[in-house]
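The structure file run.cif is reproduced below (mmCIF, N, CA and C atoms).
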data_model
#
loop_
_atom_site.label_atom_id
_atom_site.label_comp_id
_atom_site.auth_asym_id
_atom_site.auth_seq_id
_atom_site.Cartn_x
_atom_site.Cartn_y
_atom_site.Cartn_z
N MET A 1425 2.95 -126.22 17.04
CA MET A 1425 3.69 -127.44 16.98
C MET A 1425 3.57 -128.02 15.59
N GLN A 1426 4.58 -127.79 14.81
CA GLN A 1426 4.59 -128.25 13.43
C GLN A 1426 5.38 -129.54 13.31
N ILE A 1427 4.87 -130.47 12.49
CA ILE A 1427 5.64 -131.66 12.17
C ILE A 1427 5.80 -131.72 10.65
N ASP A 1428 6.99 -132.12 10.22
CA ASP A 1428 7.29 -132.22 8.80
C ASP A 1428 6.77 -133.56 8.29
N ILE A 1429 5.79 -133.53 7.39
CA ILE A 1429 5.20 -134.77 6.88
C ILE A 1429 5.65 -135.08 5.46
N ARG A 1430 6.21 -134.12 4.77
CA ARG A 1430 6.59 -134.34 3.38
C ARG A 1430 7.75 -135.33 3.25
N GLU A 1431 8.70 -135.25 4.16
CA GLU A 1431 9.87 -136.13 4.12
C GLU A 1431 9.67 -137.40 4.93
N LEU A 1432 8.48 -137.61 5.45
CA LEU A 1432 8.19 -138.78 6.27
C LEU A 1432 8.16 -140.03 5.39
N SER A 1433 9.08 -140.96 5.63
CA SER A 1433 9.14 -142.17 4.82
C SER A 1433 8.05 -143.15 5.26
N GLU A 1434 7.79 -144.13 4.43
CA GLU A 1434 6.78 -145.12 4.77
C GLU A 1434 7.24 -145.94 5.97
N GLY A 1435 6.28 -146.37 6.78
CA GLY A 1435 6.57 -147.16 7.96
C GLY A 1435 6.18 -146.43 9.22
N HIS A 1436 6.65 -146.94 10.37
CA HIS A 1436 6.31 -146.41 11.68
C HIS A 1436 7.39 -145.47 12.18
N HIS A 1437 6.96 -144.37 12.80
CA HIS A 1437 7.89 -143.38 13.34
C HIS A 1437 7.38 -142.90 14.69
N SER A 1438 8.31 -142.64 15.61
CA SER A 1438 7.95 -142.08 16.92
C SER A 1438 8.74 -140.80 17.12
N LEU A 1439 8.11 -139.85 17.80
CA LEU A 1439 8.73 -138.55 18.03
C LEU A 1439 8.18 -137.98 19.33
N THR A 1440 9.06 -137.43 20.15
CA THR A 1440 8.64 -136.78 21.39
C THR A 1440 8.94 -135.30 21.28
N LEU A 1441 7.93 -134.47 21.53
CA LEU A 1441 8.07 -133.01 21.44
C LEU A 1441 7.80 -132.37 22.79
N SER A 1442 8.38 -131.20 22.98
CA SER A 1442 8.03 -130.37 24.13
C SER A 1442 6.95 -129.41 23.66
N GLY A 1443 5.75 -129.55 24.22
CA GLY A 1443 4.63 -128.73 23.78
C GLY A 1443 4.51 -127.45 24.60
N ARG A 1444 4.10 -126.42 23.94
CA ARG A 1444 3.80 -125.13 24.58
C ARG A 1444 2.56 -124.55 23.92
N LEU A 1445 1.70 -123.99 24.75
CA LEU A 1445 0.53 -123.28 24.23
C LEU A 1445 0.54 -121.88 24.82
N ASP A 1446 0.18 -120.92 24.02
CA ASP A 1446 0.16 -119.52 24.43
C ASP A 1446 -1.12 -119.24 25.21
N ALA A 1447 -0.97 -118.74 26.43
CA ALA A 1447 -2.14 -118.43 27.28
C ALA A 1447 -3.00 -117.32 26.67
N GLU A 1448 -2.44 -116.54 25.78
CA GLU A 1448 -3.22 -115.50 25.12
C GLU A 1448 -4.24 -116.11 24.15
N ASP A 1449 -3.82 -117.18 23.45
CA ASP A 1449 -4.72 -117.87 22.52
C ASP A 1449 -5.60 -118.89 23.22
N TYR A 1450 -5.10 -119.50 24.30
CA TYR A 1450 -5.81 -120.53 25.05
C TYR A 1450 -5.80 -120.15 26.53
N PRO A 1451 -6.72 -119.31 26.99
CA PRO A 1451 -6.68 -118.77 28.35
C PRO A 1451 -6.69 -119.84 29.44
N TRP A 1452 -7.35 -120.95 29.22
CA TRP A 1452 -7.43 -122.02 30.22
C TRP A 1452 -6.09 -122.70 30.45
N VAL A 1453 -5.12 -122.51 29.55
CA VAL A 1453 -3.83 -123.19 29.65
C VAL A 1453 -2.91 -122.53 30.68
N ALA A 1454 -3.32 -121.42 31.25
CA ALA A 1454 -2.50 -120.73 32.25
C ALA A 1454 -2.20 -121.64 33.44
N ASP A 1455 -3.06 -122.61 33.72
CA ASP A 1455 -2.86 -123.54 34.83
C ASP A 1455 -1.92 -124.70 34.48
N VAL A 1456 -1.64 -124.90 33.21
CA VAL A 1456 -0.83 -126.03 32.77
C VAL A 1456 0.64 -125.63 32.78
N GLU A 1457 1.46 -126.48 33.43
CA GLU A 1457 2.90 -126.22 33.47
C GLU A 1457 3.49 -126.41 32.08
N GLN A 1458 4.29 -125.45 31.65
CA GLN A 1458 4.89 -125.47 30.32
C GLN A 1458 6.39 -125.71 30.45
N PRO A 1459 7.05 -126.43 29.59
CA PRO A 1459 6.46 -127.21 28.51
C PRO A 1459 5.90 -128.52 29.01
N PHE A 1460 5.06 -129.13 28.20
CA PHE A 1460 4.50 -130.44 28.51
C PHE A 1460 4.95 -131.40 27.41
N GLU A 1461 4.74 -132.68 27.62
CA GLU A 1461 5.23 -133.68 26.69
C GLU A 1461 4.15 -134.10 25.70
N VAL A 1462 4.55 -134.17 24.43
CA VAL A 1462 3.68 -134.66 23.36
C VAL A 1462 4.42 -135.79 22.65
N VAL A 1463 3.87 -136.99 22.72
CA VAL A 1463 4.49 -138.16 22.09
C VAL A 1463 3.68 -138.51 20.85
N LEU A 1464 4.34 -138.55 19.70
CA LEU A 1464 3.68 -138.85 18.43
C LEU A 1464 4.11 -140.22 17.94
N THR A 1465 3.15 -140.98 17.45
CA THR A 1465 3.43 -142.22 16.74
C THR A 1465 2.74 -142.08 15.39
N MET A 1466 3.54 -142.13 14.34
CA MET A 1466 3.02 -141.93 12.99
C MET A 1466 3.29 -143.16 12.15
N SER A 1467 2.31 -143.57 11.40
CA SER A 1467 2.46 -144.68 10.45
C SER A 1467 2.06 -144.17 9.09
N ARG A 1468 3.01 -144.17 8.16
CA ARG A 1468 2.71 -143.69 6.81
C ARG A 1468 2.74 -144.85 5.83
N PHE A 1469 1.66 -144.95 5.07
CA PHE A 1469 1.55 -145.94 4.02
C PHE A 1469 0.93 -145.26 2.81
N ALA A 1470 1.69 -145.21 1.72
CA ALA A 1470 1.27 -144.54 0.48
C ALA A 1470 0.91 -143.08 0.77
N LYS A 1471 -0.32 -142.69 0.52
CA LYS A 1471 -0.75 -141.30 0.70
C LYS A 1471 -1.54 -141.08 1.98
N ASN A 1472 -1.35 -141.94 2.97
CA ASN A 1472 -2.10 -141.83 4.22
C ASN A 1472 -1.15 -141.90 5.42
N ILE A 1473 -1.51 -141.17 6.46
CA ILE A 1473 -0.73 -141.18 7.70
C ILE A 1473 -1.69 -141.40 8.86
N ASN A 1474 -1.40 -142.41 9.65
CA ASN A 1474 -2.16 -142.65 10.87
C ASN A 1474 -1.36 -141.98 12.00
N LEU A 1475 -1.97 -141.02 12.66
CA LEU A 1475 -1.29 -140.22 13.68
C LEU A 1475 -1.90 -140.50 15.05
N GLN A 1476 -1.06 -140.94 15.99
CA GLN A 1476 -1.46 -141.15 17.38
C GLN A 1476 -0.72 -140.12 18.22
N VAL A 1477 -1.45 -139.38 19.04
CA VAL A 1477 -0.88 -138.33 19.87
C VAL A 1477 -1.15 -138.65 21.33
N GLN A 1478 -0.12 -138.64 22.16
CA GLN A 1478 -0.26 -138.81 23.61
C GLN A 1478 0.26 -137.54 24.27
N ILE A 1479 -0.59 -136.91 25.06
CA ILE A 1479 -0.25 -135.65 25.74
C ILE A 1479 -0.12 -135.92 27.23
N ASN A 1480 1.02 -135.57 27.80
CA ASN A 1480 1.27 -135.73 29.23
C ASN A 1480 1.63 -134.38 29.81
N ALA A 1481 0.86 -133.92 30.77
CA ALA A 1481 1.09 -132.60 31.35
C ALA A 1481 0.72 -132.61 32.82
N THR A 1482 1.10 -131.55 33.49
CA THR A 1482 0.72 -131.33 34.88
C THR A 1482 0.14 -129.93 34.99
N ALA A 1483 -0.97 -129.81 35.70
CA ALA A 1483 -1.60 -128.50 35.89
C ALA A 1483 -1.69 -128.21 37.38
N VAL A 1484 -1.55 -126.95 37.73
CA VAL A 1484 -1.75 -126.52 39.11
C VAL A 1484 -3.17 -125.99 39.20
N MET A 1485 -3.98 -126.68 39.99
CA MET A 1485 -5.40 -126.35 40.11
C MET A 1485 -5.72 -125.89 41.53
N VAL A 1486 -6.89 -125.34 41.71
CA VAL A 1486 -7.37 -124.99 43.04
C VAL A 1486 -8.56 -125.90 43.34
N CYS A 1487 -8.48 -126.58 44.48
CA CYS A 1487 -9.51 -127.53 44.87
C CYS A 1487 -10.85 -126.82 45.06
N ASP A 1488 -11.92 -127.37 44.49
CA ASP A 1488 -13.26 -126.80 44.63
C ASP A 1488 -13.81 -126.96 46.04
N ARG A 1489 -13.28 -127.90 46.80
CA ARG A 1489 -13.79 -128.17 48.13
C ARG A 1489 -13.05 -127.36 49.20
N CYS A 1490 -11.69 -127.45 49.21
CA CYS A 1490 -10.93 -126.80 50.29
C CYS A 1490 -10.21 -125.53 49.84
N LEU A 1491 -10.25 -125.21 48.55
CA LEU A 1491 -9.64 -124.02 47.97
C LEU A 1491 -8.11 -123.98 48.09
N GLU A 1492 -7.50 -125.14 48.28
CA GLU A 1492 -6.04 -125.23 48.33
C GLU A 1492 -5.51 -125.61 46.94
N PRO A 1493 -4.36 -125.07 46.56
CA PRO A 1493 -3.78 -125.46 45.27
C PRO A 1493 -3.26 -126.91 45.32
N PHE A 1494 -3.34 -127.59 44.19
CA PHE A 1494 -2.81 -128.95 44.08
C PHE A 1494 -2.39 -129.19 42.63
N ARG A 1495 -1.55 -130.20 42.44
CA ARG A 1495 -1.07 -130.56 41.10
C ARG A 1495 -1.90 -131.72 40.56
N GLN A 1496 -2.35 -131.58 39.34
CA GLN A 1496 -3.18 -132.60 38.68
C GLN A 1496 -2.45 -133.07 37.42
N LYS A 1497 -2.20 -134.36 37.31
CA LYS A 1497 -1.61 -134.91 36.09
C LYS A 1497 -2.70 -135.06 35.03
N ILE A 1498 -2.34 -134.70 33.82
CA ILE A 1498 -3.25 -134.83 32.68
C ILE A 1498 -2.59 -135.73 31.66
N SER A 1499 -3.30 -136.76 31.25
CA SER A 1499 -2.80 -137.67 30.24
C SER A 1499 -3.95 -137.95 29.26
N GLU A 1500 -3.78 -137.48 28.05
CA GLU A 1500 -4.84 -137.62 27.04
C GLU A 1500 -4.26 -138.17 25.75
N ALA A 1501 -5.05 -138.96 25.07
CA ALA A 1501 -4.65 -139.53 23.78
C ALA A 1501 -5.61 -139.07 22.69
N ALA A 1502 -5.06 -138.90 21.51
CA ALA A 1502 -5.87 -138.52 20.35
C ALA A 1502 -5.35 -139.28 19.14
N SER A 1503 -6.23 -139.52 18.20
CA SER A 1503 -5.78 -140.13 16.95
C SER A 1503 -6.45 -139.43 15.77
N ARG A 1504 -5.71 -139.29 14.72
CA ARG A 1504 -6.21 -138.68 13.49
C ARG A 1504 -5.69 -139.49 12.31
N TYR A 1505 -6.44 -139.47 11.26
CA TYR A 1505 -6.07 -140.13 10.03
C TYR A 1505 -5.90 -139.03 8.99
N ILE A 1506 -4.72 -138.93 8.43
CA ILE A 1506 -4.42 -137.87 7.47
C ILE A 1506 -4.38 -138.47 6.07
N GLU A 1507 -5.21 -137.92 5.19
CA GLU A 1507 -5.24 -138.33 3.78
C GLU A 1507 -4.58 -137.24 2.96
N LEU A 1508 -3.60 -137.62 2.15
CA LEU A 1508 -2.90 -136.66 1.30
C LEU A 1508 -3.49 -136.74 -0.11
N HIS A 1509 -4.04 -135.60 -0.57
CA HIS A 1509 -4.69 -135.53 -1.88
C HIS A 1509 -4.05 -134.42 -2.70
N PRO A 1510 -3.91 -134.62 -4.00
CA PRO A 1510 -3.32 -133.56 -4.83
C PRO A 1510 -4.16 -132.29 -4.88
N SER A 1511 -5.48 -132.41 -4.71
CA SER A 1511 -6.34 -131.24 -4.86
C SER A 1511 -7.02 -130.79 -3.58
N ALA A 1512 -6.70 -131.38 -2.44
CA ALA A 1512 -7.39 -131.02 -1.19
C ALA A 1512 -6.97 -129.64 -0.73
N MET A 1513 -7.90 -128.94 -0.12
CA MET A 1513 -7.60 -127.65 0.49
C MET A 1513 -6.74 -127.91 1.72
N SER A 1514 -5.92 -126.97 2.10
CA SER A 1514 -5.06 -127.14 3.27
C SER A 1514 -5.88 -127.34 4.54
N SER A 1515 -5.59 -128.37 5.28
CA SER A 1515 -6.23 -128.69 6.56
C SER A 1515 -7.75 -128.78 6.47
N GLU A 1516 -8.26 -129.20 5.36
CA GLU A 1516 -9.71 -129.35 5.18
C GLU A 1516 -10.18 -130.61 5.91
N LEU A 1517 -11.20 -130.47 6.72
CA LEU A 1517 -11.75 -131.63 7.41
C LEU A 1517 -12.71 -132.36 6.50
N SER A 1518 -12.66 -133.67 6.53
CA SER A 1518 -13.62 -134.45 5.76
C SER A 1518 -14.91 -134.52 6.57
N SER A 1519 -15.82 -135.37 6.15
CA SER A 1519 -17.09 -135.49 6.85
C SER A 1519 -16.91 -136.11 8.24
N GLU A 1520 -15.79 -136.77 8.48
CA GLU A 1520 -15.51 -137.33 9.80
C GLU A 1520 -14.49 -136.44 10.50
N ASP A 1521 -14.71 -136.19 11.80
CA ASP A 1521 -13.85 -135.29 12.54
C ASP A 1521 -12.42 -135.79 12.71
N ASP A 1522 -12.23 -137.10 12.69
CA ASP A 1522 -10.89 -137.63 12.92
C ASP A 1522 -10.11 -137.87 11.63
N VAL A 1523 -10.65 -137.46 10.48
CA VAL A 1523 -9.96 -137.56 9.20
C VAL A 1523 -9.65 -136.16 8.70
N ILE A 1524 -8.38 -135.94 8.38
CA ILE A 1524 -7.94 -134.64 7.90
C ILE A 1524 -7.39 -134.82 6.49
N GLN A 1525 -7.86 -133.99 5.58
CA GLN A 1525 -7.37 -134.04 4.21
C GLN A 1525 -6.40 -132.90 3.99
N LEU A 1526 -5.21 -133.24 3.48
CA LEU A 1526 -4.18 -132.24 3.20
C LEU A 1526 -3.74 -132.36 1.75
N ARG A 1527 -3.19 -131.28 1.23
CA ARG A 1527 -2.59 -131.32 -0.10
C ARG A 1527 -1.37 -132.24 -0.05
N ALA A 1528 -1.16 -133.01 -1.07
CA ALA A 1528 -0.04 -133.96 -1.11
C ALA A 1528 1.31 -133.24 -1.05
N ASP A 1529 1.36 -131.99 -1.51
CA ASP A 1529 2.63 -131.25 -1.50
C ASP A 1529 2.82 -130.41 -0.22
N GLN A 1530 1.89 -130.51 0.71
CA GLN A 1530 2.02 -129.74 1.95
C GLN A 1530 3.18 -130.30 2.77
N ARG A 1531 4.04 -129.42 3.23
CA ARG A 1531 5.27 -129.83 3.91
C ARG A 1531 5.05 -130.09 5.39
N GLU A 1532 4.27 -129.27 6.05
CA GLU A 1532 4.11 -129.37 7.50
C GLU A 1532 2.65 -129.49 7.90
N PHE A 1533 2.45 -130.08 9.08
CA PHE A 1533 1.11 -130.20 9.65
C PHE A 1533 1.17 -129.61 11.06
N ASP A 1534 0.21 -128.77 11.39
CA ASP A 1534 0.18 -128.10 12.69
C ASP A 1534 -0.67 -128.91 13.66
N LEU A 1535 -0.04 -129.36 14.75
CA LEU A 1535 -0.72 -130.15 15.78
C LEU A 1535 -1.38 -129.31 16.86
N THR A 1536 -1.20 -128.02 16.85
CA THR A 1536 -1.61 -127.17 17.95
C THR A 1536 -3.08 -127.33 18.31
N ALA A 1537 -3.97 -127.33 17.34
CA ALA A 1537 -5.40 -127.43 17.63
C ALA A 1537 -5.76 -128.78 18.26
N ILE A 1538 -5.15 -129.86 17.77
CA ILE A 1538 -5.42 -131.19 18.33
C ILE A 1538 -4.94 -131.26 19.78
N VAL A 1539 -3.72 -130.77 20.02
CA VAL A 1539 -3.16 -130.80 21.37
C VAL A 1539 -3.98 -129.93 22.32
N ALA A 1540 -4.34 -128.74 21.89
CA ALA A 1540 -5.13 -127.83 22.73
C ALA A 1540 -6.49 -128.44 23.08
N GLU A 1541 -7.15 -129.01 22.10
CA GLU A 1541 -8.47 -129.61 22.33
C GLU A 1541 -8.39 -130.74 23.35
N HIS A 1542 -7.44 -131.64 23.18
CA HIS A 1542 -7.38 -132.80 24.08
C HIS A 1542 -6.78 -132.47 25.43
N LEU A 1543 -5.94 -131.47 25.49
CA LEU A 1543 -5.43 -131.03 26.78
C LEU A 1543 -6.57 -130.42 27.60
N GLN A 1544 -7.41 -129.64 26.95
CA GLN A 1544 -8.56 -129.05 27.64
C GLN A 1544 -9.55 -130.13 28.08
N LEU A 1545 -9.73 -131.16 27.25
CA LEU A 1545 -10.63 -132.26 27.62
C LEU A 1545 -10.11 -133.06 28.81
N GLY A 1546 -8.80 -133.00 29.05
CA GLY A 1546 -8.21 -133.73 30.17
C GLY A 1546 -8.36 -133.05 31.51
N ILE A 1547 -8.80 -131.80 31.52
CA ILE A 1547 -9.00 -131.08 32.77
C ILE A 1547 -10.36 -131.47 33.34
N PRO A 1548 -10.40 -132.01 34.55
CA PRO A 1548 -11.69 -132.46 35.11
C PRO A 1548 -12.63 -131.28 35.39
N PHE A 1549 -13.93 -131.56 35.33
CA PHE A 1549 -14.93 -130.53 35.64
C PHE A 1549 -14.90 -130.18 37.11
N LYS A 1550 -14.83 -131.17 37.95
CA LYS A 1550 -14.81 -130.98 39.41
C LYS A 1550 -13.36 -131.13 39.85
N LEU A 1551 -12.77 -130.06 40.34
CA LEU A 1551 -11.36 -130.07 40.74
C LEU A 1551 -11.27 -130.41 42.22
N LEU A 1552 -10.80 -131.61 42.51
CA LEU A 1552 -10.67 -132.07 43.89
C LEU A 1552 -9.25 -132.54 44.14
N CYS A 1553 -8.67 -132.12 45.26
CA CYS A 1553 -7.29 -132.47 45.58
C CYS A 1553 -7.17 -133.90 46.08
N SER A 1554 -8.25 -134.50 46.54
CA SER A 1554 -8.17 -135.90 46.98
C SER A 1554 -9.44 -136.66 46.65
#
Represent the structure from my file as structure tokens, please.
Amino acid sequence: MQIDIRELSEGHHSLTLSGRLDAEDYPWVADVEQPFEVVLTMSRFAKNINLQVQINATAVMVCDRCLEPFRQKISEAASRYIELHPSAMSSELSSEDDVIQLRADQREFDLTAIVAEHLQLGIPFKLLCS
């Protein structure tokens, strides 16, 4: 899931994407109905972008108690702060996990890792249908 950040003008922007994750790369995603919704809210000011990500999905799970399949809604939010630097390495993480440093001339940013991480965090440990 790539977003174009180079042409992003200053101010607030909203974007809704249809997300897909490959079960080969993310085996746990086989239970998640594809595509799922990814809502982005981006605020760009000078060389910084505040990125808010809302992930809405539905997964088909098997209940740990009765072993019957059921549908579980997953709704997770994530936020990242992107700093654009002329000399930063591509997708280099700063000392804080929620700050990402990118080259100022980088055209696109890949959301896949953020979406995959938070989608997985939204799956409960104990799967119960009721």
Margin query: Can you spell out as an MDAnalysis selection string the set of residues that the PyMOL selection byres (((chain A and resi 1457 and name CA) around 6) and name CA) selects in the structure I just provided?
Written below: chainID A and resid 1456 1458 1482:1483
Checklist line | Spatial neighbours of stretch 1425-1433 of chain A, max dist 5 Å, all atoms listed in the file, sep filter under 2 positions, as a list in words | finding: Gly1435, Arg1531, Glu1532, Phe1533, Asp1534, Leu1535 and Thr1536 of chain A
Can you spit out the residues from that selection as a short mmCIF file (atom, residue, chain, number, x, y, z; two decimals), in the frame of the given file, using N, CA and C atoms?
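And here is the file that came out, part-v2.cif:
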data_model
loop_
_atom_site.label_atom_id
_atom_site.label_comp_id
_atom_site.auth_asym_id
_atom_site.auth_seq_id
_atom_site.Cartn_x
_atom_site.Cartn_y
_atom_site.Cartn_z
N GLY A 1435 6.28 -146.37 6.78
CA GLY A 1435 6.57 -147.16 7.96
C GLY A 1435 6.18 -146.43 9.22
N ARG A 1531 4.04 -129.42 3.23
CA ARG A 1531 5.27 -129.83 3.91
C ARG A 1531 5.05 -130.09 5.39
N GLU A 1532 4.27 -129.27 6.05
CA GLU A 1532 4.11 -129.37 7.50
C GLU A 1532 2.65 -129.49 7.90
N PHE A 1533 2.45 -130.08 9.08
CA PHE A 1533 1.11 -130.20 9.65
C PHE A 1533 1.17 -129.61 11.06
N ASP A 1534 0.21 -128.77 11.39
CA ASP A 1534 0.18 -128.10 12.69
C ASP A 1534 -0.67 -128.91 13.66
N LEU A 1535 -0.04 -129.36 14.75
CA LEU A 1535 -0.72 -130.15 15.78
C LEU A 1535 -1.38 -129.31 16.86
N THR A 1536 -1.20 -128.02 16.85
CA THR A 1536 -1.61 -127.17 17.95
C THR A 1536 -3.08 -127.33 18.31
#
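When the PyMOL selection byres ((chain A and resi 1551) around 8) is evaluated against the file, it yields Met1485, Val1486, Cys1487, Asp1488, Arg1489, Cys1490, Ile1547, Pro1548, Phe1549, Lys1550, Leu1552, Cys1553 and Ser1554 of chain A.
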Written as a tab-separated table (two decimals) with N, CA and C atoms, keeping the file's coordinate frame, what is the full residue list that the PyMOL selection byres ((chain A and resi 1441) around 8) yields on the file shown?
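part_23.tsv was written with the following content:
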chain	number	residue	atom	x	y	z
A	1438	SER	N	8.31	-142.64	15.61
A	1438	SER	CA	7.95	-142.08	16.92
A	1438	SER	C	8.74	-140.80	17.12
A	1439	LEU	N	8.11	-139.85	17.80
A	1439	LEU	CA	8.73	-138.55	18.03
A	1439	LEU	C	8.18	-137.98	19.33
A	1440	THR	N	9.06	-137.43	20.15
A	1440	THR	CA	8.64	-136.78	21.39
A	1440	THR	C	8.94	-135.30	21.28
A	1442	SER	N	8.38	-131.20	22.98
A	1442	SER	CA	8.03	-130.37	24.13
A	1442	SER	C	6.95	-129.41	23.66
A	1443	GLY	N	5.75	-129.55	24.22
A	1443	GLY	CA	4.63	-128.73	23.78
A	1443	GLY	C	4.51	-127.45	24.60
A	1444	ARG	N	4.10	-126.42	23.94
A	1444	ARG	CA	3.80	-125.13	24.58
A	1444	ARG	C	2.56	-124.55	23.92
A	1459	PRO	N	7.05	-126.43	29.59
A	1459	PRO	CA	6.46	-127.21	28.51
A	1459	PRO	C	5.90	-128.52	29.01
A	1460	PHE	N	5.06	-129.13	28.20
A	1460	PHE	CA	4.50	-130.44	28.51
A	1460	PHE	C	4.95	-131.40	27.41
A	1461	GLU	N	4.74	-132.68	27.62
A	1461	GLU	CA	5.23	-133.68	26.69
A	1461	GLU	C	4.15	-134.10	25.70
A	1462	VAL	N	4.55	-134.17	24.43
A	1462	VAL	CA	3.68	-134.66	23.36
A	1462	VAL	C	4.42	-135.79	22.65
A	1463	VAL	N	3.87	-136.99	22.72
A	1463	VAL	CA	4.49	-138.16	22.09
A	1463	VAL	C	3.68	-138.51	20.85
A	1464	LEU	N	4.34	-138.55	19.70
A	1464	LEU	CA	3.68	-138.85	18.43
A	1464	LEU	C	4.11	-140.22	17.94
Check: Mind pulling up the distance from atom C of A:Asp1455 to atom CA of A:Pro1493?
Finding: 11.0 Å
Note to self: Excluding A:Lys1471 and its own-chain neighbours fewer than 5 positions away, which residues fall within 7 Å of it when counting all atoms listed in the file? Please give them as a PyMOL selection string.
What the structure shows: chain A and resi 1506-1509
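Minimum atom-to-atom distances from A:Leu1543, A:His1436, A:Gln1530, A:Ala1447 to A:Ile1498 were compared using all atoms listed in the file, and the lowest value belongs to A:Leu1543.
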Could you work out an axis-aligned box for stretch 1465-1471 of chain A, taking every atom the file lists and adding 3 Å on each side, and report centre and edge lengths in Å to one decimal, as AutoDock Vina command-line options?
--center_x 1.0 --center_y -143.5 --center_z 9.0 --size_x 11.1 --size_y 11.0 --size_z 23.0
Next item on the list: Quick one: pick out all strand (DSSP E or B) residues within chain A from a backbone DSSP run and write them as an NGL selection string.
Entry: :A and (1426-1428 or 1435-1443 or 1456 or 1460-1469 or 1472-1486 or 1493-1509 or 1516-1517 or 1523-1527 or 1532-1534)
